[in-house]
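Working notes, beginning with the structure itself.
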Amino acid sequence: MLPDPASGYIDNYYTRTLDADTHYPALASHEVADVCVIGGGLAGLNTALGLINRGKSVVLVEAQRIGFGASGRNGGFVAKGYAASHDTLKARLGLDHARKLVDLTKDGRALIQKRIADYNIDCGPLKYGVLIVSTKDREAQVLASVKSANDDFDLDLKYLSTEQVRSHCKTEFYYQGYLSPHDFQFHPLRYVHGLARVIAEKGGKVCENSPAVRVDQDGARWKVVTPQGSVRAKDVVYCCSQYAHGLNKKIQGGSFPVQTYVMVTEPIPAEILDSALPTSHPIYDTRWSCDYYRRLPDNRILWGGRVGLWAQPHNIAETMMNDLLKVYPQLRGYAKASLAWSGLMCYAPHQMPQIGQIAPGYWYNMGFGGHGLVPTTVGGEMIAGAIAENDQRIKLFEPFKVKYAGGPLGQYAAQMIYWLWRARDYTG
Ligand SMILES: Cc1cc2nc3c(=O)[nH]c(=O)nc-3n(C[C@H](O)[C@H](O)[C@H](O)COP(=O)(O)OP(=O)(O)OC[C@H]3O[C@@H](n4cnc5c(N)ncnc54)[C@H](O)[C@@H]3O)c2cc1C
């Protein structure tokens, strides 16, 4: 999937509805700053803004356009938690540690809301409440998991019976579910552009079309080299997800890329759409490889789902439309695909973000998987706090630091892990 030469982005719904597309010039000078951030997705932007708000000077270099990767082409669900489930965290770390990690995402979600308001970022309409639905009839299990999530993590989830779920989604595909009332949806690429604008207004330097090609030790500093310039900085933060190619094999080898796909329909007449999806809540189901979708303000459906490690469906739009029609057969003949695209998620085997340091002053902030809009905010705050204020909360992520999982067998190991996760969709 090649970027459009004019915009520099792959064509998607968000690029088509981005009102103001500000371009930032490439780095063409030799700069000195407190910190150089590599990667202009939400991990990089949140790190840069967190640092600037703590008084640090920052240069951010992005290989293509800001939000070129997953951050500018995702589902737009802004939800607490991580790709790893609360239960997994509790089983692995104990309740106290798991609760601290989950609480960070509640703070992260609130910080996003505050930034949207304080910096006047036009990325709405913000619609509150995300609906999570089960594709299997298992009342007792859903009730128990809502209760334990509320008891352990104070999440305020609202259980919904099958009848209640089906009043939001007119399909027999779903049974019980729950509503997470404080999560919301937004326009991710507009948010990305809002953050970049604020960084620039506050004196940060944002550079597009500036791939970091090398990071060298330079005395007590690091030197980040781009094709036309360089940045010398005491600290450097690697936020490249799986879009970097060979910049740091050790960091990249600790995770693997997983593709996922999104399709957007043409506008559907309101009364027809109401017969399937009368709700404004975004929806996802409880499988690992889930369908996630929402009604857009102009009566289209944004439908995301499926995952792939190497291969990509021959025709993404048709494949996704078939998935939509399996759930909502009443839309056959009315829902027509308008455009479709894919994006890369970055997963470590534990499904948790990797936030830490690989050498003194060389940090990484990545591995957010399919659940990154809030966790990238958390990661940005952890790294910025650690660099600027010696904030120790970053230690909460120590169990998930980068471990080399590469080597010739790395991709095969990734394939095994991936099959295991998918198998859970059919047996769980
Ligand atoms: C289709 C899709 C749907 C999703 N839906 C949701 C959702 O609804 N809710 C949710 O919470 N999460 C969702 N996610 C996940 C979420 O989008 C990601 O976890 C998050 O955006 C990751 O941000 P990032 O900054 O780590 O990576 P990215 O956004 O991928 O950014 C990495 C950036 O680094 C740049 N880069 C790479 N190498 C270099 C280099 N050498 N020099 C300079 N720059 C470099 C890239 O060009 C890229 O812009 C989805 C992901 C996808 C793909």
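Lettering and numbering for the structure tokens are positional, with chains as A, B, ... in the shown order, residues counted from 1 in each chain, and ligands counted from 1 in the shown order.
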Please identify which residues in segment 118-246 of chain A DSSP calls alpha helix (DSSP H) from the backbone, and express them as a count of residues only. 37
Counting only C-alpha atoms and all ligand atoms, what residues are within 6 Å of ligand 1, given as a ChimeraX atom specification? /A:38-44,61-64,66-71,73-78,211-213,239-241,243-244,247,260-262,342-345,366,368-374
Those residues with C-alpha atoms, as a PDB file, in the first residue's frame please?
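As written to disk, result_8.pdb reads:
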ATOM      1  CA  ILE A  38      12.471   9.318  16.788  1.00  0.00           C
ATOM      2  CA  GLY A  39       9.022   8.589  15.330  1.00  0.00           C
ATOM      3  CA  GLY A  40       6.032  10.883  14.923  1.00  0.00           C
ATOM      4  CA  GLY A  41       3.200   8.535  15.883  1.00  0.00           C
ATOM      5  CA  LEU A  42       1.327   9.002  19.128  1.00  0.00           C
ATOM      6  CA  ALA A  43       4.141   7.426  21.160  1.00  0.00           C
ATOM      7  CA  GLY A  44       6.628   9.992  19.832  1.00  0.00           C
ATOM      8  CA  VAL A  61      12.177  13.334  13.601  1.00  0.00           C
ATOM      9  CA  GLU A  62       9.567  11.410  11.621  1.00  0.00           C
ATOM     10  CA  ALA A  63      10.517   9.262   8.618  1.00  0.00           C
ATOM     11  CA  GLN A  64       7.389  10.163   6.616  1.00  0.00           C
ATOM     12  CA  ILE A  66       3.319  12.603  11.444  1.00  0.00           C
ATOM     13  CA  GLY A  67       0.741   9.897  12.103  1.00  0.00           C
ATOM     14  CA  PHE A  68       1.851   8.002   8.997  1.00  0.00           C
ATOM     15  CA  GLY A  69       1.814   4.680  10.888  1.00  0.00           C
ATOM     16  CA  ALA A  70      -0.897   3.123  13.047  1.00  0.00           C
ATOM     17  CA  SER A  71      -1.603   6.429  14.823  1.00  0.00           C
ATOM     18  CA  ARG A  73      -5.183   5.058  10.491  1.00  0.00           C
ATOM     19  CA  ASN A  74      -6.712   3.245  13.476  1.00  0.00           C
ATOM     20  CA  GLY A  75     -10.251   2.658  14.723  1.00  0.00           C
ATOM     21  CA  GLY A  76     -10.357   5.781  16.903  1.00  0.00           C
ATOM     22  CA  PHE A  77     -11.427   3.937  20.108  1.00  0.00           C
ATOM     23  CA  VAL A  78      -9.936   5.754  23.102  1.00  0.00           C
ATOM     24  CA  PRO A 211      14.176   9.181   8.840  1.00  0.00           C
ATOM     25  CA  ALA A 212      16.751   8.498  11.527  1.00  0.00           C
ATOM     26  CA  VAL A 213      19.306   6.342   9.720  1.00  0.00           C
ATOM     27  CA  CYS A 239       9.198   5.446  19.123  1.00  0.00           C
ATOM     28  CA  CYS A 240       9.221   3.707  15.739  1.00  0.00           C
ATOM     29  CA  SER A 241       6.850   0.802  16.421  1.00  0.00           C
ATOM     30  CA  TYR A 243       7.663   0.909  10.871  1.00  0.00           C
ATOM     31  CA  ALA A 244      11.459   1.153  11.387  1.00  0.00           C
ATOM     32  CA  LEU A 247      17.484   1.238  12.920  1.00  0.00           C
ATOM     33  CA  THR A 260      -4.978  -5.287  10.752  1.00  0.00           C
ATOM     34  CA  TYR A 261      -7.517  -3.842   8.321  1.00  0.00           C
ATOM     35  CA  VAL A 262     -10.173  -1.161   8.131  1.00  0.00           C
ATOM     36  CA  SER A 342      -4.220  -1.772   6.452  1.00  0.00           C
ATOM     37  CA  GLY A 343      -1.873  -0.819   9.272  1.00  0.00           C
ATOM     38  CA  LEU A 344       0.840  -2.387  11.389  1.00  0.00           C
ATOM     39  CA  MET A 345       0.499  -3.027  15.082  1.00  0.00           C
ATOM     40  CA  MET A 366       6.607   1.055  21.778  1.00  0.00           C
ATOM     41  CA  PHE A 368       1.198  -0.921  22.016  1.00  0.00           C
ATOM     42  CA  GLY A 369      -0.488  -3.563  19.876  1.00  0.00           C
ATOM     43  CA  GLY A 370      -4.078  -2.932  18.864  1.00  0.00           C
ATOM     44  CA  HIS A 371      -4.760  -0.894  21.988  1.00  0.00           C
ATOM     45  CA  GLY A 372      -2.491   2.114  21.848  1.00  0.00           C
ATOM     46  CA  LEU A 373      -4.355   5.407  21.858  1.00  0.00           C
ATOM     47  CA  VAL A 374      -4.401   5.703  25.647  1.00  0.00           C
TER      48      VAL A 374
END
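Here the question is which of A:Leu27, A:Ala335, A:Leu396, A:Ala79 gets nearest to Lys106 of chain A using only C-alpha atoms, and that residue is A:Ala79.
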List as a ChimeraX atom specification the protein and nucleic acid residues near segment 220-231 of chain A, meaning an atom at most 10 Å away when only C-alpha atoms are counted, but skip any in the same chain fewer than 3 places from it. /A:26-38,58-63,209-217,234-236,360-362
Write the selection just made, keeping N, CA and C atoms, as a short mmCIF file (atom, residue, chain, number, x, y, z; two decimals), in the first residue's frame?
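Final output, selection.cif:
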data_model
loop_
_atom_site.label_atom_id
_atom_site.label_comp_id
_atom_site.auth_asym_id
_atom_site.auth_seq_id
_atom_site.Cartn_x
_atom_site.Cartn_y
_atom_site.Cartn_z
N ALA A 26 11.60 19.04 6.48
CA ALA A 26 12.58 18.02 6.87
C ALA A 26 13.74 18.66 7.63
N LEU A 27 14.38 17.88 8.46
CA LEU A 27 15.57 18.36 9.18
C LEU A 27 16.70 18.57 8.18
N ALA A 28 17.20 19.80 8.12
CA ALA A 28 18.29 20.09 7.16
C ALA A 28 19.37 20.87 7.87
N SER A 29 19.62 20.56 9.14
CA SER A 29 20.62 21.31 9.91
C SER A 29 21.17 20.38 11.00
N HIS A 30 22.15 20.86 11.73
CA HIS A 30 22.74 20.06 12.81
C HIS A 30 22.32 20.70 14.12
N GLU A 31 21.44 20.02 14.83
CA GLU A 31 20.79 20.60 16.00
C GLU A 31 21.37 20.01 17.28
N VAL A 32 21.24 20.79 18.35
CA VAL A 32 21.54 20.28 19.70
C VAL A 32 20.27 20.48 20.53
N ALA A 33 19.84 19.46 21.23
CA ALA A 33 18.63 19.57 22.05
C ALA A 33 18.81 18.71 23.30
N ASP A 34 17.92 18.88 24.26
CA ASP A 34 17.97 17.98 25.42
C ASP A 34 17.63 16.56 24.98
N VAL A 35 16.59 16.44 24.14
CA VAL A 35 16.11 15.11 23.77
C VAL A 35 15.78 15.07 22.28
N CYS A 36 16.13 13.97 21.63
CA CYS A 36 15.68 13.71 20.26
C CYS A 36 14.69 12.55 20.30
N VAL A 37 13.49 12.79 19.81
CA VAL A 37 12.47 11.74 19.75
C VAL A 37 12.42 11.23 18.31
N ILE A 38 12.51 9.91 18.13
CA ILE A 38 12.47 9.32 16.79
C ILE A 38 11.12 8.65 16.59
N VAL A 58 13.24 19.81 22.61
CA VAL A 58 13.02 18.54 21.90
C VAL A 58 13.06 18.75 20.38
N VAL A 59 13.73 17.83 19.69
CA VAL A 59 13.58 17.71 18.23
C VAL A 59 12.96 16.34 17.97
N LEU A 60 11.87 16.33 17.21
CA LEU A 60 11.22 15.06 16.85
C LEU A 60 11.44 14.82 15.36
N VAL A 61 11.99 13.66 15.01
CA VAL A 61 12.18 13.33 13.60
C VAL A 61 11.25 12.18 13.21
N GLU A 62 10.53 12.40 12.13
CA GLU A 62 9.57 11.41 11.62
C GLU A 62 9.99 11.04 10.20
N ALA A 63 10.04 9.73 9.93
CA ALA A 63 10.52 9.26 8.62
C ALA A 63 9.63 9.75 7.47
N ASN A 209 9.54 13.71 6.95
CA ASN A 209 10.45 13.22 5.90
C ASN A 209 11.90 13.21 6.36
N SER A 210 12.10 12.82 7.59
CA SER A 210 13.43 12.85 8.20
C SER A 210 13.71 11.53 8.93
N PRO A 211 13.92 10.46 8.17
CA PRO A 211 14.18 9.18 8.84
C PRO A 211 15.50 9.18 9.60
N ALA A 212 15.49 8.71 10.82
CA ALA A 212 16.75 8.50 11.53
C ALA A 212 17.41 7.30 10.86
N VAL A 213 18.64 7.47 10.38
CA VAL A 213 19.31 6.34 9.72
C VAL A 213 20.34 5.70 10.63
N ARG A 214 20.81 6.47 11.65
CA ARG A 214 21.78 5.94 12.60
C ARG A 214 21.62 6.65 13.93
N VAL A 215 21.92 5.94 14.99
CA VAL A 215 22.03 6.58 16.30
C VAL A 215 23.41 6.21 16.83
N ASP A 216 24.28 7.21 16.97
CA ASP A 216 25.66 6.94 17.38
C ASP A 216 25.91 7.52 18.77
N GLN A 217 26.80 6.87 19.50
CA GLN A 217 27.26 7.46 20.75
C GLN A 217 28.21 8.61 20.40
N LYS A 234 21.26 14.62 24.85
CA LYS A 234 21.65 13.78 25.99
C LYS A 234 20.80 12.50 26.01
N ASP A 235 19.53 12.67 25.64
CA ASP A 235 18.63 11.50 25.61
C ASP A 235 18.00 11.35 24.24
N VAL A 236 17.80 10.11 23.85
CA VAL A 236 17.11 9.82 22.59
C VAL A 236 16.01 8.80 22.91
N PRO A 360 22.14 3.78 28.91
CA PRO A 360 21.89 5.06 29.57
C PRO A 360 21.58 6.16 28.55
N GLY A 361 20.41 6.77 28.69
CA GLY A 361 20.01 7.86 27.79
C GLY A 361 19.40 7.40 26.48
N TYR A 362 19.32 6.10 26.22
CA TYR A 362 18.70 5.59 24.98
C TYR A 362 17.42 4.84 25.39
#
For the atom pair atom CA of Cys169 of chain A and atom CA of Ala276 of chain A, what is the interatomic distance in Å to one decimal place?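 Separation between atom CA of Cys169 of chain A and atom CA of Ala276 of chain A: 6.1 Å.
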